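*Asks:* Can you keep this structure in mind? I'll have questions shortly.
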Amino acid sequence: MPPRSRAEREPAEQSPVARVCVDVGLPHLDRPFDYLVPAQLDVAAQPGVRVRVRFAGQLVDGYLLERVDTSGHAGPLAYLERVVSAERVLSPAVLALCRAVAKRYAGTLADVLRLAVPPRHAAAEKAAGDVLAAGAPAPPEPTAWSAYRAGDGYLSALADGRAPRAVWTALPGEDWPVRLAEAVTVTVHSGRSAVVALADARDLGRLDAALRTVLGEGRHVALSAALGPAERYRRFLAAVRGQVPVVIGTRAAAFAPVPDLGLVAIWDDGDDLYAEPRAPYPHTREVLLTRAQLAGAGALLGGYARSVEAEQLLDTGWARELIASRETTRNRAPAVSPTADDPRDQSAARLPSLAWRAARDALAAGTPVLVQVPRRGYLPAVACAQCRTPARCPHCHGPLALPTASGTAACRWCGRTSAGYACPACGGRRLRAAVVGARRTAEELGRAFPGVPVRTSGRDEVLATVPDEATVVVATPGAEPVPDKGGYGAVLLLDTWALLTRADLRAGEETLRRWLAAAALARPAGQGGRVVVVADGGLAPVQALVRFDPGWLAGRELAERRALGFPPAVRMASLTGSSGAVADLLAAARLPPGAELLGPVPAGGEQERMLVRVPRSAGNALADALHAAAGVRSARKAPEPVRVQVDPLELL
DNA sequence: TCAATCCGTATC
DNA sequence: ATACGGATTGAC
């Protein structure tokens with residue numbers, strides 16, 4: 001009910017001052033503003049509701065953060081214009097989380113709130129949430145967690161209402177959705193709630209199904225951007241209203257409101273989908289860890305692989321290791337053999353003979369075969385057909401694009417065509433697509449294994465499962481179908497050099513992560529399960545795969561990051577913009593002592609990038625300094641923006 | 001001396 | 001962003 005006229009408005013009797021976070025993206029306005037609550041809005045104007053206020057002459061949206069008795073503001077206060085909805089979408093705990101995330105990432109609270117609270121959908125709000133409050137779920141049964149050394153202890157700690165923190169290295173073949181559902185269920189039984197983050201819709205679907213079975217129907221909601229706005233808001237409201245104790249979902253679910261948090265969990269935290277693309281670019285893992293810290297909740301970082309950040313949590317003692325014994329791991333793992341990528345040793349379909357034999361034997365035994373190939377165009381576009389050296393432009397060293405029908409390859413940077421290309425390494429004159437796409441690989445394999453069905457699973461068309469029979473599946477990383485039962489008889493990892501030679505700090509870790517995701521779907525060696533990786537057996541990621549020991553590689557990588565001074569061993573910020581704007585920001589910033597500047601390097605177009613490096617202990621000071629400097633610039637109406645990213649994923 | 005305009009600054 | 005205040009400029 002809007003007030004009829006300005007003159008009639010009177011302030012509410014109790015706590016007439018509302019502190020409001022206005023939704024403007026300007027860093028220098030990143031603080032609450034005080035408004036008077038008109039008596040008519042007294043009841044609706046509760047902390048956490050959306051409001052509309054007049055700000056600098058225009059109506060803007062905002063969140064009511066708190067009600068207080070008096071304002072420190074010297075001038076007169078304006079009245080709240082409207083309470084958009086009485087729904088309290090921002091809980092105190094989530095507000096505290098958003099503030100911490102904004103601080104950590106040098107961003108504004110308004111920006112983080114946009115990530116945390118989905119857009120309102122009035123119709124969904126009106127339709128009274130009728131999520132069925134199901135009866136008590138079945139008591140948890142003894143679980144397969146005892147295969148891990150501290151597994152039972154971890155679960156009983158959750159059941160006892162404590163807050164254990166662990167990095168969990170899942171066994172090959174592990175039914176991880178069920179294990180996660182068990183951890184969530186014992187937490188719910190302790191009277192607390194849980195939040196679980198998954199990288200993509202497929203993983204989300206698997207955990208969703210496991211929770212229905214283990215926890216019971218109607219006790220959780222799954223949030224993802226793929227839902228329409230109405231359904232997304234409806235499920236968010238179910239959580240806000242305390243109708244479900246468990247929220248699972250992709251990135252944004254890490255902010256989901258649940259009462260009395262007992263556990264945060266994330267599966268496969270190395271997946272780069274967890275890096276939020278919108279300002280201030282927080283990483284889901286960091287959001288959840290911050291949340292566990294603030295709420296005193298347990299934390300579980302699970303995966304077949306181990307990220308360097310997870311390794312660091314073990315190294316600092318923040319989390320404990322949840323891992324099976326070497327013996328158990330050996331018993332569950334397939335046999336892994338590296339084989340050289342030698343063009344002279346190729347049987348059918350460009351397969352090295354070892355890989356071909358492994359596939360043939362698995363098919364003969366009536367088991368499925370998984371072939372993992374990198375996504376087409378993944379990196380170097382074109383390579384020498386003979387020695388596979390990536391083809392580079394002779395003029396500017398940019399990558400060459402696929403040869404056109406006329407046989408010339410054009411540079412993707414400078415556009416020059418090089419008709420008479422000769423490989424600088426071997427003198428070869430023929431070029432080929434560096435990564436053979438999944439589809440063509442499938443055609444070639446179909447010819448190599450006549451009579452066997454060959455299917456593909458890629459980004460555009462993902463197969464969820466594969467039956468336990470003689471079938472070849474060609475999949476790109478992340479799209480590997482899960483075997484109905486038993487597991488693959490053979491897993492072939494092809495064109496691995498395209499992953500390994502990526503110019504990325506995380507290439508080794510990322511390669512192992514993708515290999516393990518495929519290899520973990522193979523049968524144990526005792527049941528004939530084999531993995532053939534077409535790569536040099538001396539490489540560290542290959543050794544880690546052979547031993548199924550991702551912790552070993554993560555430890556090495558962490559040591560290397562320390563030596564090189566890269567995150568997570570240090571805190572870094574990247575500043576991207578025009579060279580003038582970046583210099584301007586740095587001039588305005590009071591960087592903490594010992595801050596080191598790296599760069600500038602060109603960052604595409606007119607843009608360039610500077611890196612600022614500080615010890616981890618100065619991370620907060622760095623973020624504060626950059627946020628303040630951005631505020632000074634925006635107050636001055638500096639025309640050119642600078643993008644500030646703290647610990648960005650792609651650093652090289 | 002006054003009004004139109006420019007610039008800087010706060011935005012409750 | 002926009003709105004306001006104080007300074008600046010130009011014409012009477």
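Chain identifiers are assigned as A, B, and so on, following the order in which chains appear in the structure tokens; residues are numbered from 1 within each chain, and ligands are numbered from 1 in order of appearance.
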Please provide as a list of chain:residue names all residues within 12 Å of DG10 of chain C, with the sequence filter that same-chain residues fewer than 3 positions apart are discarded (counting only C-alpha atoms (C1' of nucleotides)).
*Replies:*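 Answer for this query is B:DT1, B:DC2, B:DA3, B:DA4, B:DT5.
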*Asks:* Can you build me a table of chain C residues sitting at most 9 Å from chain A, with the closest atom pair per residue and its distance in Å to one decimal, using only C-alpha atoms (C1' of nucleotides), sorted by chain and residue number, as a Markdown table?
*Replies:*
```
| residue | atom | partner | partner_atom | distance |
| --- | --- | --- | --- | --- |
| C:DA1 | C1' | A:Ala56 | CA | 8.3 |
| C:DT2 | C1' | A:Ala56 | CA | 6.0 |
| C:DA3 | C1' | A:Gly57 | CA | 6.6 |
```
*Asks:* Which is closer to chain B than all the others in A:Leu261, A:Leu598, A:Ala96, A:Ala635, using only C-alpha atoms (C1' of nucleotides)?
*Replies:*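 Ranking A:Leu261, A:Leu598, A:Ala96, A:Ala635 by distance to chain B, first place goes to A:Ala635.
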*Asks:* May I have the residues within 12 Å of DC7 of chain B as a short mmCIF file (atom, residue, chain, number, x, y, z; two decimals) with N, CA and C atoms (P, O5', C5', C4', C3', O3' and C1' of nucleotides), in the first residue's frame, using only C-alpha atoms (C1' of nucleotides) and disregarding those fewer than 3 positions away in the same chain?
*Replies:*
```
data_model
loop_
_atom_site.label_atom_id
_atom_site.label_comp_id
_atom_site.auth_asym_id
_atom_site.auth_seq_id
_atom_site.Cartn_x
_atom_site.Cartn_y
_atom_site.Cartn_z
P DC C 4 17.75 18.93 -7.35
"O5'" DC C 4 18.71 19.83 -6.47
"C5'" DC C 4 19.50 19.21 -5.45
"C4'" DC C 4 20.86 19.84 -5.42
"C3'" DC C 4 20.86 21.37 -5.46
"O3'" DC C 4 21.17 21.86 -4.18
"C1'" DC C 4 22.63 20.41 -6.76
P DG C 5 21.18 23.44 -3.86
"O5'" DG C 5 22.75 23.76 -3.86
"C5'" DG C 5 23.63 22.92 -3.12
"C4'" DG C 5 25.04 23.46 -3.27
"C3'" DG C 5 25.13 24.99 -3.20
"O3'" DG C 5 26.35 25.33 -2.57
"C1'" DG C 5 25.86 24.26 -5.33
P DG C 6 26.61 26.83 -2.03
"O5'" DG C 6 28.03 27.16 -2.65
"C5'" DG C 6 29.04 26.16 -2.75
"C4'" DG C 6 29.94 26.56 -3.88
"C3'" DG C 6 30.21 28.07 -3.97
"O3'" DG C 6 31.60 28.27 -4.07
"C1'" DG C 6 29.45 27.24 -6.04
P DA C 7 32.24 29.69 -4.34
"O5'" DA C 7 32.64 29.50 -5.87
"C5'" DA C 7 33.51 28.43 -6.23
"C4'" DA C 7 33.80 28.54 -7.71
"C3'" DA C 7 34.35 29.91 -8.15
"O3'" DA C 7 35.38 29.68 -9.09
"C1'" DA C 7 32.35 29.42 -9.33
P DT C 8 36.14 30.88 -9.74
"O5'" DT C 8 35.46 30.96 -11.18
"C5'" DT C 8 35.31 29.77 -11.97
"C4'" DT C 8 34.68 30.16 -13.29
"C3'" DT C 8 35.20 31.47 -13.87
"O3'" DT C 8 35.51 31.27 -15.24
"C1'" DT C 8 32.85 31.51 -13.76
#
```
*Asks:* Restrict the calculation to only C-alpha atoms (C1' of nucleotides), then for each residue of chain A with any atom at most 10 Å from an atom of chain B give the closest atom pair and their distance in Å to one decimal, rows by chain and rising residue number, as CSV.
*Replies:*
```
residue,atom,partner,partner_atom,distance
A:Ala18,CA,B:DC12,C1',9.8
A:Arg19,CA,B:DC12,C1',8.9
A:Val20,CA,B:DC12,C1',9.0
A:Leu29,CA,B:DT11,C1',8.2
A:Pro32,CA,B:DC12,C1',8.6
A:Phe33,CA,B:DC12,C1',4.9
A:Asp34,CA,B:DC12,C1',4.6
A:Tyr35,CA,B:DC12,C1',5.7
A:Leu36,CA,B:DC12,C1',8.8
A:Val53,CA,B:DC12,C1',9.9
A:Arg54,CA,B:DC12,C1',9.3
A:Phe55,CA,B:DT11,C1',6.2
A:Ala56,CA,B:DT11,C1',4.6
A:Gly57,CA,B:DT11,C1',8.3
A:Ser71,CA,B:DC12,C1',9.0
A:Gly72,CA,B:DC12,C1',9.7
A:His73,CA,B:DC12,C1',6.8
A:Ala74,CA,B:DC12,C1',9.0
A:Gly75,CA,B:DC12,C1',7.6
A:Pro76,CA,B:DC12,C1',7.3
A:Leu77,CA,B:DC12,C1',5.2
A:Ala78,CA,B:DC12,C1',6.3
A:Tyr79,CA,B:DC12,C1',9.0
A:Ala635,CA,B:DT9,C1',8.5
A:Arg636,CA,B:DT9,C1',9.0
```
*Asks:* Do a neighbour search on Arg556 of chain A at 12 Å with only C-alpha atoms (C1' of nucleotides), toss out local chain neighbours closer than 2 positions, and write the hits as an NGL selection string.
*Replies:* :A and (306-308 or 311-312 or 508-509 or 540-541 or 544 or 549-554 or 558-563)
*Asks:* Could you give me the residues within segment 530-601 of chain A that DSSP places in helix (DSSP H, G or I), as a ChimeraX atom specification?
*Replies:* /A:540-546,550-564,579-588
*Asks:* Residues of the last selection are to be written out with C-alpha atoms, as a short mmCIF file (atom, residue, chain, number, x, y, z; two decimals), in the first residue's frame.
*Replies:*
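So part.cif came out as:
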```
data_model
loop_
_atom_site.label_atom_id
_atom_site.label_comp_id
_atom_site.auth_asym_id
_atom_site.auth_seq_id
_atom_site.Cartn_x
_atom_site.Cartn_y
_atom_site.Cartn_z
CA ALA A 540 54.43 -36.32 -14.03
CA PRO A 541 50.69 -36.36 -14.85
CA VAL A 542 51.16 -39.76 -16.53
CA GLN A 543 52.95 -41.16 -13.49
CA ALA A 544 50.20 -39.86 -11.22
CA LEU A 545 47.62 -41.56 -13.44
CA VAL A 546 49.53 -44.86 -13.47
CA PRO A 550 46.48 -37.27 -7.61
CA GLY A 551 47.76 -36.09 -4.23
CA TRP A 552 51.31 -36.70 -5.35
CA LEU A 553 50.91 -34.50 -8.42
CA ALA A 554 49.07 -31.81 -6.44
CA GLY A 555 51.93 -31.75 -3.92
CA ARG A 556 54.47 -31.26 -6.70
CA GLU A 557 52.39 -28.57 -8.33
CA LEU A 558 51.94 -26.73 -5.05
CA ALA A 559 55.71 -26.78 -4.49
CA GLU A 560 56.16 -25.40 -7.99
CA ARG A 561 53.65 -22.61 -7.40
CA ARG A 562 55.54 -21.69 -4.27
CA ALA A 563 58.80 -21.58 -6.19
CA LEU A 564 57.26 -19.51 -8.99
CA SER A 579 47.33 1.08 -20.33
CA GLY A 580 46.38 4.56 -19.10
CA ALA A 581 43.50 3.29 -17.02
CA VAL A 582 45.56 0.51 -15.43
CA ALA A 583 48.34 2.98 -14.58
CA ASP A 584 45.75 5.36 -13.16
CA LEU A 585 44.31 2.67 -10.90
CA LEU A 586 47.75 1.64 -9.69
CA ALA A 587 48.66 5.27 -8.97
CA ALA A 588 45.54 5.62 -6.83
#
```
*Asks:* DSSP on the backbone, then: every residue of segment 135-274 of chain A marked strand (DSSP E or B), written as a list in words.
*Replies:*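 Of segment 135-274 of chain A, the ones in strand (DSSP E or B) are Tyr148, Arg165, Ala166, Val167, Trp168, Thr169, Ser193, Ala194, Val195, Val196, Ala197, His220, Val221, Ala222, Leu223, Val246, Val247, Ile248, Gly249, Leu261, Gly262, Leu263, Val264, Ala265, Ile266 and Trp267 of chain A.
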*Asks:* Report as a PyMOL selection string all protein, DNA and RNA residues lying within 8 Å of Leu273 of chain A, evaluated on only C-alpha atoms (C1' of nucleotides), omitting residues in the same chain fewer than 6 positions from it.
*Replies:* chain A and resi 199-200+251
*Asks:* Using only N, CA and C atoms, please write the residues we just selected to a file, as a short mmCIF file (atom, residue, chain, number, x, y, z; two decimals), in the first residue's frame.
*Replies:*
```
data_model
loop_
_atom_site.label_atom_id
_atom_site.label_comp_id
_atom_site.auth_asym_id
_atom_site.auth_seq_id
_atom_site.Cartn_x
_atom_site.Cartn_y
_atom_site.Cartn_z
N ALA A 199 29.57 -29.02 -10.70
CA ALA A 199 30.06 -28.17 -11.79
C ALA A 199 29.03 -28.00 -12.90
N ASP A 200 28.29 -29.04 -13.22
CA ASP A 200 27.40 -28.93 -14.37
C ASP A 200 26.09 -29.68 -14.13
N ARG A 251 27.23 -23.15 -9.54
CA ARG A 251 27.83 -21.96 -8.91
C ARG A 251 26.99 -21.17 -7.92
#
```
*Asks:* Hey, can you check how far atom CA of Ala239 of chain A sits from atom CA of Pro118 of chain A?
*Replies:*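 Computed distance, atom CA of Ala239 of chain A to atom CA of Pro118 of chain A, equals 12.3 Å.
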*Asks:* Find the spatial neighbours of Val472 of chain A, counting only C-alpha atoms (C1' of nucleotides), within a cut-off of 9 Å - ignore same-chain residues fewer than 6 positions away - and output them as an MDAnalysis selection string.
*Replies:* chainID A and resid 359 363 368:371 442 445:446 449 452:456
*Asks:* Give me the residues near Val287 of chain A as a PDB file with N, CA and C atoms, in the first residue's frame, where near means some atom within 7 Å (using only C-alpha atoms (C1' of nucleotides)) and where sequence neighbours in that chain fewer than 5 positions away do not count.
*Replies:*
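Output file selection-v5.pdb is given in full below:
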```pdb
ATOM      1  N   VAL A 101      32.770 -12.201   0.787  1.00  0.00           N
ATOM      2  CA  VAL A 101      33.183 -12.501  -0.584  1.00  0.00           C
ATOM      3  C   VAL A 101      33.553 -11.202  -1.313  1.00  0.00           C
ATOM      4  N   ALA A 254      26.021 -21.933  -4.139  1.00  0.00           N
ATOM      5  CA  ALA A 254      26.927 -21.777  -2.997  1.00  0.00           C
ATOM      6  C   ALA A 254      26.432 -20.687  -2.051  1.00  0.00           C
ATOM      7  N   PRO A 282      34.072 -14.443  -8.130  1.00  0.00           N
ATOM      8  CA  PRO A 282      34.441 -15.367  -7.048  1.00  0.00           C
ATOM      9  C   PRO A 282      34.446 -16.818  -7.526  1.00  0.00           C
TER      10      PRO A 282
END
```
*Asks:* Which distance in Å separates atom CA of Pro639 of chain A and atom CA of Asn620 of chain A, to one decimal?
*Replies:*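 According to the coordinates, atom CA of Pro639 of chain A and atom CA of Asn620 of chain A are separated by 26.9 Å.
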